[in-house]
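Engineer: The structure file run-v1.pdb (PDB, C-alpha atoms) is provided below.
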```pdb
MODEL        1
ATOM      1  CA  MET A1480     160.894  62.504  98.262
ATOM      2  CA  SER A1481     163.850  60.722  99.842
ATOM      3  CA  ALA A1482     164.244  60.270 103.583
ATOM      4  CA  GLY A1483     167.208  62.613 103.498
ATOM      5  CA  GLU A1484     165.159  65.342 101.835
ATOM      6  CA  GLU A1485     162.359  64.843 104.350
ATOM      7  CA  GLN A1486     164.828  65.413 107.163
ATOM      8  CA  GLU A1487     165.547  68.926 105.859
ATOM      9  CA  GLN A1488     161.938  69.864 106.530
ATOM     10  CA  GLN A1489     161.417  68.009 109.804
ATOM     11  CA  ASP A1490     160.093  69.946 112.780
ATOM     12  CA  LEU A1491     162.000  68.872 115.882
ATOM     13  CA  SER A1492     160.640  71.578 118.160
ATOM     14  CA  TYR A1493     159.017  70.693 121.468
ATOM     15  CA  ARG A1494     155.328  71.352 122.051
ATOM     16  CA  GLU A1495     154.642  73.807 124.843
ATOM     17  CA  ASP A1496     151.355  72.071 125.697
ATOM     18  CA  ALA A1497     152.861  68.558 125.850
ATOM     19  CA  PRO A1498     152.678  67.066 129.354
ATOM     20  CA  ARG A1499     155.574  66.326 131.663
ATOM     21  CA  VAL A1500     154.894  63.077 133.467
ATOM     22  CA  ARG A1501     156.396  62.476 136.904
ATOM     23  CA  THR A1502     157.754  58.927 137.118
ATOM     24  CA  ARG A1503     159.842  59.048 140.327
ATOM     25  CA  ASP A1504     161.453  61.555 142.663
ATOM     26  CA  GLY A1505     163.152  64.256 140.629
ATOM     27  CA  VAL A1506     162.122  62.831 137.258
ATOM     28  CA  GLU A1507     159.578  64.287 134.853
ATOM     29  CA  LEU A1508     159.471  62.965 131.293
ATOM     30  CA  TYR A1509     158.474  64.935 128.216
ATOM     31  CA  VAL A1510     155.685  62.988 126.487
ATOM     32  CA  GLU A1511     153.732  63.188 123.235
ATOM     33  CA  SER A1512     150.638  61.077 122.565
ATOM     34  CA  SER A1513     148.582  60.939 119.367
ATOM     35  CA  GLY A1514     145.783  58.791 117.997
ATOM     36  CA  ASP A1515     143.424  56.357 119.674
ATOM     37  CA  GLY A1516     143.337  52.613 120.085
ATOM     38  CA  THR A1517     145.873  50.037 121.196
ATOM     39  CA  ALA A1518     148.945  51.777 122.589
ATOM     40  CA  VAL A1519     152.300  51.608 120.813
ATOM     41  CA  THR A1520     155.165  53.145 122.790
ATOM     42  CA  PHE A1521     158.421  54.104 121.074
ATOM     43  CA  LEU A1522     161.675  53.844 123.041
ATOM     44  CA  ASN A1523     164.432  56.219 121.990
ATOM     45  CA  ASN A1524     167.922  54.919 121.291
ATOM     46  CA  PHE A1525     169.800  57.933 122.776
ATOM     47  CA  PHE A1526     170.307  59.458 119.312
ATOM     48  CA  LEU A1527     166.639  60.454 118.953
ATOM     49  CA  THR A1528     164.151  62.693 120.738
ATOM     50  CA  ALA A1529     160.363  62.458 120.961
ATOM     51  CA  PRO A1530     159.603  65.071 118.242
ATOM     52  CA  PHE A1531     161.594  63.016 115.733
ATOM     53  CA  TRP A1532     158.913  60.326 115.657
ATOM     54  CA  ARG A1533     156.084  62.582 114.433
ATOM     55  CA  GLU A1534     156.886  62.068 110.756
ATOM     56  CA  TYR A1535     157.496  58.349 111.243
ATOM     57  CA  THR A1536     154.275  57.482 113.076
ATOM     58  CA  THR A1537     151.588  59.474 111.210
ATOM     59  CA  ASP A1538     150.059  56.419 109.521
ATOM     60  CA  LEU A1539     150.307  54.279 112.636
ATOM     61  CA  ALA A1540     148.463  56.888 114.727
ATOM     62  CA  LEU A1541     145.398  56.527 112.499
ATOM     63  CA  GLY A1542     144.487  53.306 114.309
ATOM     64  CA  HIS A1543     146.690  53.272 117.400
ATOM     65  CA  ARG A1544     147.613  55.449 120.320
ATOM     66  CA  VAL A1545     151.232  56.362 119.638
ATOM     67  CA  VAL A1546     153.289  57.384 122.667
ATOM     68  CA  THR A1547     156.752  58.917 122.377
ATOM     69  CA  TYR A1548     158.842  60.407 125.146
ATOM     70  CA  ASP A1549     162.316  61.585 126.094
ATOM     71  CA  MET A1550     164.212  59.379 128.499
ATOM     72  CA  ALA A1551     165.492  60.882 131.745
ATOM     73  CA  ASN A1552     168.701  62.893 131.187
ATOM     74  CA  HIS A1553     167.897  63.256 127.493
ATOM     75  CA  GLY A1554     165.994  65.727 125.370
ATOM     76  CA  ALA A1555     163.448  67.802 127.287
ATOM     77  CA  SER A1556     163.077  65.430 130.260
ATOM     78  CA  SER A1557     164.551  65.944 133.734
ATOM     79  CA  ARG A1558     168.285  66.153 134.267
ATOM     80  CA  LEU A1559     169.837  64.117 137.053
ATOM     81  CA  PRO A1560     173.360  64.228 138.487
ATOM     82  CA  GLU A1561     173.993  60.677 137.266
ATOM     83  CA  GLU A1562     172.793  58.807 134.184
ATOM     84  CA  PRO A1563     169.948  56.438 135.094
ATOM     85  CA  THR A1564     170.583  52.705 134.979
ATOM     86  CA  TRP A1565     168.746  50.394 132.601
ATOM     87  CA  GLU A1566     166.603  49.339 135.557
ATOM     88  CA  GLU A1567     165.653  52.949 136.268
ATOM     89  CA  HIS A1568     164.837  53.593 132.617
ATOM     90  CA  ALA A1569     162.632  50.475 132.655
ATOM     91  CA  ALA A1570     160.881  51.667 135.823
ATOM     92  CA  ASP A1571     160.246  55.000 134.103
ATOM     93  CA  VAL A1572     158.476  53.192 131.261
ATOM     94  CA  ILE A1573     156.069  51.507 133.670
ATOM     95  CA  ALA A1574     155.463  54.702 135.653
ATOM     96  CA  LEU A1575     154.788  56.508 132.373
ATOM     97  CA  LEU A1576     152.195  53.895 131.386
ATOM     98  CA  ASP A1577     150.580  54.232 134.804
ATOM     99  CA  ALA A1578     150.362  58.013 134.494
ATOM    100  CA  LEU A1579     148.838  57.745 131.013
ATOM    101  CA  GLU A1580     146.420  55.054 132.225
ATOM    102  CA  ILE A1581     147.727  52.531 129.709
ATOM    103  CA  GLU A1582     147.235  49.007 131.001
ATOM    104  CA  SER A1583     149.473  47.398 128.393
ATOM    105  CA  THR A1584     151.336  48.505 125.293
ATOM    106  CA  TYR A1585     153.371  47.356 122.351
ATOM    107  CA  LEU A1586     156.962  48.502 122.705
ATOM    108  CA  VAL A1587     159.014  49.567 119.694
ATOM    109  CA  GLY A1588     162.736  49.502 120.378
ATOM    110  CA  THR A1589     165.366  50.615 117.875
ATOM    111  CA  SER A1590     169.064  49.788 118.008
ATOM    112  CA  ALA A1591     170.237  50.377 121.615
ATOM    113  CA  SER A1592     166.703  50.710 122.959
ATOM    114  CA  THR A1593     165.891  47.139 121.897
ATOM    115  CA  GLN A1594     167.791  46.214 125.074
ATOM    116  CA  LEU A1595     165.437  48.425 127.109
ATOM    117  CA  ALA A1596     162.397  46.862 125.413
ATOM    118  CA  ARG A1597     163.734  43.408 126.273
ATOM    119  CA  ASP A1598     164.295  44.358 129.905
ATOM    120  CA  VAL A1599     160.816  45.868 130.321
ATOM    121  CA  ALA A1600     159.223  42.752 128.835
ATOM    122  CA  LEU A1601     161.204  40.538 131.206
ATOM    123  CA  ALA A1602     160.434  42.563 134.327
ATOM    124  CA  HIS A1603     156.816  43.466 133.533
ATOM    125  CA  PRO A1604     155.341  40.852 131.181
ATOM    126  CA  ASP A1605     151.783  41.854 132.092
ATOM    127  CA  ARG A1606     152.332  45.380 130.740
ATOM    128  CA  VAL A1607     153.800  44.400 127.352
ATOM    129  CA  ARG A1608     151.451  43.233 124.603
ATOM    130  CA  GLY A1609     154.289  42.657 122.163
ATOM    131  CA  LEU A1610     157.735  43.791 121.062
ATOM    132  CA  VAL A1611     158.904  45.293 117.780
ATOM    133  CA  LEU A1612     162.707  45.285 117.742
ATOM    134  CA  ALA A1613     164.145  47.268 114.824
ATOM    135  CA  GLY A1614     167.851  46.710 114.272
ATOM    136  CA  PRO A1615     168.335  44.740 117.514
ATOM    137  CA  VAL A1616     171.682  45.044 119.268
ATOM    138  CA  PHE A1617     171.728  41.568 120.735
ATOM    139  CA  GLY A1618     172.698  38.502 118.757
ATOM    140  CA  LEU A1619     173.144  34.798 119.130
ATOM    141  CA  ARG A1620     176.307  35.327 121.178
ATOM    142  CA  GLY A1621     175.573  38.565 122.991
ATOM    143  CA  MET A1622     176.343  42.177 122.090
ATOM    144  CA  ARG A1623     180.119  42.273 121.599
ATOM    145  CA  ARG A1624     180.066  43.730 118.064
ATOM    146  CA  HIS A1625     177.584  46.462 118.927
ATOM    147  CA  ARG A1626     179.532  47.424 122.040
ATOM    148  CA  GLN A1627     182.748  47.630 120.038
ATOM    149  CA  LEU A1628     181.035  50.056 117.667
ATOM    150  CA  ASN A1629     179.697  52.078 120.581
ATOM    151  CA  ARG A1630     183.115  52.330 122.177
ATOM    152  CA  ALA A1631     184.544  53.634 118.900
ATOM    153  CA  TRP A1632     181.673  56.127 118.596
ATOM    154  CA  LEU A1633     182.178  57.259 122.173
ATOM    155  CA  GLN A1634     185.878  57.860 121.610
ATOM    156  CA  THR A1635     185.165  59.913 118.481
ATOM    157  CA  LEU A1636     182.495  61.905 120.289
ATOM    158  CA  ARG A1637     184.737  62.756 123.235
ATOM    159  CA  THR A1638     187.820  63.606 121.205
ATOM    160  CA  GLU A1639     186.369  65.203 118.061
ATOM    161  CA  GLY A1640     182.758  66.169 118.806
ATOM    162  CA  LEU A1641     179.263  65.674 117.397
ATOM    163  CA  ALA A1642     179.980  66.457 113.747
ATOM    164  CA  ALA A1643     182.846  63.964 113.596
ATOM    165  CA  LEU A1644     180.682  61.305 115.233
ATOM    166  CA  TYR A1645     177.961  61.867 112.648
ATOM    167  CA  ASN A1646     180.502  61.528 109.835
ATOM    168  CA  GLN A1647     181.583  58.189 111.301
ATOM    169  CA  ILE A1648     178.209  56.600 111.952
ATOM    170  CA  TYR A1649     176.384  57.750 108.812
ATOM    171  CA  PRO A1650     177.897  55.149 106.445
ATOM    172  CA  GLU A1651     177.666  52.507 109.173
ATOM    173  CA  VAL A1652     173.963  52.757 110.013
ATOM    174  CA  ILE A1653     172.445  54.224 106.826
ATOM    175  CA  SER A1654     171.784  51.757 104.022
ATOM    176  CA  GLY A1655     173.899  51.857 100.895
ATOM    177  CA  GLU A1656     170.843  52.637  98.757
ATOM    178  CA  MET A1657     169.725  55.548 100.937
ATOM    179  CA  ASN A1658     173.281  56.864 100.955
ATOM    180  CA  GLU A1659     173.445  56.788  97.149
ATOM    181  CA  GLU A1660     169.953  58.180  96.556
ATOM    182  CA  GLY A1661     170.207  60.892  99.211
ATOM    183  CA  GLY A1662     173.640  62.033  98.135
ATOM    184  CA  THR A1663     175.002  65.192  99.700
ATOM    185  CA  PRO A1664     171.553  66.744 100.393
ATOM    186  CA  GLY A1665     170.472  63.638 102.291
ATOM    187  CA  PHE A1666     173.702  63.536 104.266
ATOM    188  CA  LEU A1667     173.433  67.204 105.206
ATOM    189  CA  GLY A1668     169.715  67.003 106.007
ATOM    190  CA  LEU A1669     170.183  64.163 108.463
ATOM    191  CA  ARG A1670     173.206  65.895 109.945
ATOM    192  CA  GLU A1671     171.103  68.969 110.666
ATOM    193  CA  SER A1672     168.564  66.843 112.550
ATOM    194  CA  PHE A1673     171.296  64.877 114.324
ATOM    195  CA  MET A1674     172.981  68.043 115.560
ATOM    196  CA  ALA A1675     169.650  69.521 116.662
ATOM    197  CA  MET A1676     168.613  66.456 118.674
ATOM    198  CA  ASN A1677     171.868  65.707 120.469
ATOM    199  CA  THR A1678     174.480  67.123 122.805
ATOM    200  CA  VAL A1679     177.895  65.713 123.599
ATOM    201  CA  GLU A1680     176.838  65.136 127.205
ATOM    202  CA  ASP A1681     173.592  63.330 126.337
ATOM    203  CA  LEU A1682     175.218  61.024 123.808
ATOM    204  CA  SER A1683     178.211  60.382 126.018
ATOM    205  CA  ASN A1684     175.895  59.289 128.823
ATOM    206  CA  GLY A1685     173.815  57.105 126.524
ATOM    207  CA  LEU A1686     176.724  55.427 124.761
ATOM    208  CA  SER A1687     178.346  54.734 128.124
ATOM    209  CA  LEU A1688     175.174  53.058 129.379
ATOM    210  CA  VAL A1689     175.048  50.847 126.283
ATOM    211  CA  GLN A1690     178.232  49.169 127.529
ATOM    212  CA  GLN A1691     176.252  47.814 130.478
ATOM    213  CA  GLY A1692     173.368  45.390 130.948
ATOM    214  CA  GLY A1693     172.716  41.723 130.336
ATOM    215  CA  THR A1694     174.066  40.087 127.186
ATOM    216  CA  ASP A1695     173.054  36.446 127.637
ATOM    217  CA  PRO A1696     170.970  35.329 124.623
ATOM    218  CA  GLU A1697     169.149  32.952 126.986
ATOM    219  CA  LEU A1698     167.273  35.992 128.335
ATOM    220  CA  LEU A1699     165.282  36.058 125.107
ATOM    221  CA  SER A1700     163.808  32.627 125.783
ATOM    222  CA  ARG A1701     162.049  34.054 128.859
ATOM    223  CA  ILE A1702     160.069  36.690 126.985
ATOM    224  CA  GLU A1703     156.416  35.740 126.794
ATOM    225  CA  ALA A1704     155.181  38.527 124.520
ATOM    226  CA  PRO A1705     154.897  38.133 120.743
ATOM    227  CA  THR A1706     158.090  39.541 119.265
ATOM    228  CA  LEU A1707     158.868  40.864 115.806
ATOM    229  CA  ILE A1708     162.433  41.463 114.657
ATOM    230  CA  VAL A1709     162.477  44.108 111.920
ATOM    231  CA  LEU A1710     165.791  43.954 110.119
ATOM    232  CA  GLY A1711     167.127  45.817 107.129
ATOM    233  CA  ASP A1712     168.882  43.520 104.684
ATOM    234  CA  ASP A1713     171.796  45.969 104.757
ATOM    235  CA  ASP A1714     172.100  46.082 108.572
ATOM    236  CA  ILE A1715     175.733  46.099 109.697
ATOM    237  CA  LEU A1716     175.025  44.047 112.822
ATOM    238  CA  LEU A1717     172.888  41.175 111.599
ATOM    239  CA  SER A1718     172.473  39.408 108.288
ATOM    240  CA  PRO A1719     168.952  38.348 107.275
ATOM    241  CA  GLY A1720     169.783  34.720 108.057
ATOM    242  CA  ARG A1721     171.050  35.527 111.517
ATOM    243  CA  GLY A1722     168.029  37.756 112.048
ATOM    244  CA  HIS A1723     165.767  34.748 111.568
ATOM    245  CA  ASP A1724     167.996  32.700 113.866
ATOM    246  CA  LEU A1725     167.702  35.434 116.493
ATOM    247  CA  ALA A1726     163.911  35.508 116.206
ATOM    248  CA  ALA A1727     163.863  31.749 116.814
ATOM    249  CA  LEU A1728     165.304  32.332 120.316
ATOM    250  CA  PHE A1729     162.028  33.961 121.360
ATOM    251  CA  PRO A1730     159.163  31.621 122.278
ATOM    252  CA  ASN A1731     156.864  33.611 119.985
ATOM    253  CA  GLY A1732     159.204  35.421 117.654
ATOM    254  CA  ARG A1733     159.531  36.025 113.948
ATOM    255  CA  CYS A1734     161.641  38.180 111.663
ATOM    256  CA  GLU A1735     160.625  40.601 108.919
ATOM    257  CA  ILE A1736     163.311  41.676 106.461
ATOM    258  CA  MET A1737     163.019  45.133 104.909
ATOM    259  CA  PRO A1738     164.747  45.265 101.505
ATOM    260  CA  ASN A1739     167.343  47.944 100.792
ATOM    261  CA  ALA A1740     167.259  49.121 104.415
ATOM    262  CA  GLY A1741     170.017  49.604 106.965
ATOM    263  CA  HIS A1742     170.346  49.511 110.736
ATOM    264  CA  VAL A1743     167.557  52.086 111.148
ATOM    265  CA  PRO A1744     165.014  50.716 108.633
ATOM    266  CA  TYR A1745     162.254  53.199 109.504
ATOM    267  CA  LEU A1746     164.403  55.895 107.852
ATOM    268  CA  ASP A1747     164.624  53.976 104.591
ATOM    269  CA  ASP A1748     160.902  53.243 104.299
ATOM    270  CA  PRO A1749     158.742  55.013 106.910
ATOM    271  CA  GLU A1750     155.440  53.893 105.393
ATOM    272  CA  GLY A1751     156.609  50.310 105.006
ATOM    273  CA  PHE A1752     157.870  50.178 108.577
ATOM    274  CA  GLN A1753     154.578  51.506 109.954
ATOM    275  CA  ALA A1754     152.646  48.990 107.862
ATOM    276  CA  ILE A1755     154.762  46.177 109.325
ATOM    277  CA  VAL A1756     154.124  47.394 112.878
ATOM    278  CA  ARG A1757     150.389  47.789 112.233
ATOM    279  CA  LYS A1758     150.064  44.285 110.766
ATOM    280  CA  PHE A1759     151.999  42.780 113.666
ATOM    281  CA  THR A1760     149.850  44.445 116.338
ATOM    282  CA  GLU A1761     146.638  43.490 114.574
ATOM    283  CA  GLU A1762     147.690  39.860 114.237
ATOM    284  CA  ALA A1763     148.943  39.696 117.828
ATOM    285  CA  ASP A1764     145.693  41.195 119.141
ATOM    286  CA  ALA A1765     143.676  38.724 117.095
ATOM    287  CA  HIS A1766     145.524  35.804 118.684
ATOM    288  CA  ALA A1767     145.610  37.173 122.220
TER
ENDMDL
END
```
Could you spell out this file's structure in structure tokens?
Structural biologist:
Amino acid sequence: MSAGEEQEQQDLSYREDAPRVRTRDGVELYVESSGDGTAVTFLNNFFLTAPFWREYTTDLALGHRVVTYDMANHGASSRLPEEPTWEEHAADVIALLDALEIESTYLVGTSASTQLARDVALAHPDRVRGLVLAGPVFGLRGMRRHRQLNRAWLQTLRTEGLAALYNQIYPEVISGEMNEEGGTPGFLGLRESFMAMNTVEDLSNGLSLVQQGGTDPELLSRIEAPTLIVLGDDDILLSPGRGHDLAALFPNGRCEIMPNAGHVPYLDDPEGFQAIVRKFTEEADAHA
């Protein structure tokens, strides 16, 4: 079954018994936690919500505690008058770990949320066991290309709406192979999930925030945690060679290339992505 076909059947509903965790005044985050063992916390990239990850973390939860949540002002978490800053989102991560009694965790960032993972690791190195950065948005010279894409997406969203934005980003972030194999059913299945998970306001806030934050590649040299770059060989932002060059900027970094995958490689090969994350955490724990 292709990833596109799986999307047609995906349950994106929220669980009534899932906890809301208070992280600061006026902020309660929707949280899901499954499995036992070393914690792995997934950071959404503004396009996703916590329920999305259920079908992409099933294998990983067999030997890990998988934590997913909605960021403030997104999904089922609290709504604030203003979009939180990156610093506030990072503080929410730490407060969430405190509430769940998780001393340290692996962070999985995807696309825009790789910036959040980086910032949490820089500000709270004692709480981060390691980083998995799938489709990172920072490069050897900053984030100019990604921010140009985001500005174009934001303009489309504000002028033409969610459906038009989906039509624009699908061929940009989905691999060529998945596009061909999924065909029209795959395109429509992912569109259904995309429309169910997002609102114009949520995405507008998130894409606006992506234009902010540090871009200096030197920041990566300060990260102490083991770091794995997971890059599809059909990623529009980074070539495999530049992915390895990026990993070399981290004191303890390496790059894993997923064949026939795009900017969101966990969509192309969910089982393969989870196997990569599992192997990385096991190896990092063994050398801790």
Engineer: Just so the selection is clear, what residues does the PyMOL selection byres ((chain A and resi 1759) around 10) cover here, as a VMD selection string?
Structural biologist: chain A and resid 1585 1609 to 1611 1705 to 1707 1753 to 1758 1760 to 1765
Engineer: Return as a list in words the set of residues that the PyMOL selection byres ((chain A and resi 1522-1524) around 9) yields on the displayed structure.
Structural biologist: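 After applying the PyMOL selection byres ((chain A and resi 1522-1524) around 9), what remains is Thr1520, Phe1521, Phe1525, Phe1526, Leu1527, Thr1528, Ala1529, Thr1547, Tyr1548, Asp1549, Met1550, Val1572, Leu1586, Val1587, Gly1588, Thr1589, Ser1590, Ala1591, Ser1592, Thr1593, Leu1595, Ala1596 and Gly1685 of chain A.
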Engineer: Going by the chain IDs and residue numbers used in this file, which residues fall under the PyMOL selection byres ((chain A and resi 1673) around 9)? Write them as a list in words.
Structural biologist: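 Output from the PyMOL selection byres ((chain A and resi 1673) around 9), applied to this file: Phe1526, Leu1527, Leu1641, Ala1642, Tyr1645, Gly1668, Leu1669, Arg1670, Glu1671, Ser1672, Met1674, Ala1675, Met1676 and Asn1677 of chain A.
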Engineer: Taking into account only C-alpha atoms, which residue in the set A:Ile1653, A:Ala1555, A:Leu1539, A:Leu1716 is nearest to A:Val1616?
Structural biologist: A:Leu1716
Engineer: Nearest to A:Leu1579 among A:Arg1733, A:His1742, A:Arg1499, A:His1625, with distances taken over all atoms listed in the file: which residue is it?
Structural biologist: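 Residue with the minimum atom-to-atom distance to A:Leu1579: A:Arg1499.
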Engineer: Taking only C-alpha atoms into account, name the residue in A:Thr1502, A:Tyr1649, A:Asp1571, A:Glu1660 that is nearest to A:Trp1632.
Structural biologist: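 Among the listed residues, the smallest separation from A:Trp1632 belongs to A:Tyr1649.
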Engineer: Can you list, as a list in words, every protein, DNA or RNA residue that comes within 10 Å of A:Pro1719 when you count all atoms listed in the file, leaving out same-chain residues fewer than 5 positions away?
Structural biologist: Val1709, Leu1710, Gly1711, Asp1712, Asp1713, Asp1714, Asp1724, Leu1725, Cys1734, Glu1735, Ile1736, Met1737 and Pro1738 of chain A
Engineer: With only C-alpha atoms as the atoms that count, which of A:Val1546, A:Leu1644, A:Ala1740, A:Ile1702 lies nearest to A:Val1607?
Structural biologist: A:Ile1702
Engineer: Would you mind reading off the distance between atom CA of A:Asp1695 and atom CA of A:Gly1618, one decimal, in Å?
Structural biologist: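 Atom CA of A:Asp1695 sits 9.1 Å away from atom CA of A:Gly1618.
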Engineer: What gap, in Å, lies between atom CA of A:Gly1554 and atom CA of A:Tyr1509?
Structural biologist: 8.1 Å
Engineer: Mind giving me the straight-line distance from atom CA of A:Pro1498 to atom CA of A:Ser1513 in Å, one decimal?
Structural biologist: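 Pair atom CA of A:Pro1498 / atom CA of A:Ser1513 returns 12.4 Å.
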Engineer: Find, counting only C-alpha atoms, the residue in A:Ala1574, A:Ile1581, A:Phe1617, A:Ser1700 that gets nearest to A:Asp1515.
Structural biologist: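 Residue with the minimum atom-to-atom distance to A:Asp1515: A:Ile1581.
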Engineer: For each of A:Ala1540, A:Arg1501, A:Glu1507, A:Asn1629, take the minimum atom-to-atom distance to A:Ala1578, counting all atoms listed in the file, then give the residue where this is smallest.
Structural biologist: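 Using all atoms listed in the file, A:Ala1578 sits closest to A:Arg1501.
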Engineer: Please provide the set of residues having any atom within 12 Å of A:Thr1564, restricted to all atoms listed in the file, with same-chain residues fewer than 3 positions apart removed, written as a list in words.
Structural biologist: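 Contacts, with the query itself left out: Met1550, Ala1551, Asn1552, Leu1559, Glu1561, Glu1567, His1568, Ala1569, Ala1570, Asp1571, Leu1595, Asp1598, Asn1684, Gly1685, Ser1687, Leu1688, Val1689, Gln1690, Gln1691 and Gly1692 of chain A.
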Engineer: Hey, can you spit out that residue selection with C-alpha atoms as a compact mmCIF listing (two decimals), in the coordinates of the input?
Structural biologist:
```txt
# COMPACT_ATOMS: atom_id res chain seq x y z
CA MET A 1550 164.21 59.38 128.50
CA ALA A 1551 165.49 60.88 131.74
CA ASN A 1552 168.70 62.89 131.19
CA LEU A 1559 169.84 64.12 137.05
CA GLU A 1561 173.99 60.68 137.27
CA GLU A 1567 165.65 52.95 136.27
CA HIS A 1568 164.84 53.59 132.62
CA ALA A 1569 162.63 50.48 132.66
CA ALA A 1570 160.88 51.67 135.82
CA ASP A 1571 160.25 55.00 134.10
CA LEU A 1595 165.44 48.42 127.11
CA ASP A 1598 164.30 44.36 129.90
CA ASN A 1684 175.90 59.29 128.82
CA GLY A 1685 173.82 57.10 126.52
CA SER A 1687 178.35 54.73 128.12
CA LEU A 1688 175.17 53.06 129.38
CA VAL A 1689 175.05 50.85 126.28
CA GLN A 1690 178.23 49.17 127.53
CA GLN A 1691 176.25 47.81 130.48
CA GLY A 1692 173.37 45.39 130.95
```
Engineer: Could you work out an axis-aligned bounding box for all listed atoms of stretch 1602-1619 of chain A, with 3 Å added on each of the six sides, and give its centre and edge lengths in Å to one decimal, as AutoDock Vina command-line options?
Structural biologist:
```
--center_x 162.3 --center_y 41.0 --center_z 124.3 --size_x 27.7 --size_y 18.5 --size_z 26.1
```
Engineer: Can you pull out the residues contacting A:Asp1605? Cut-off 9 Å, using only C-alpha atoms, and skip same-chain residues under 5 positions away; I want them as a list in words.
Structural biologist: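 With the cut-off at 9 Å, the set is Glu1582, Ser1583, Ala1600 and Ala1704 of chain A.
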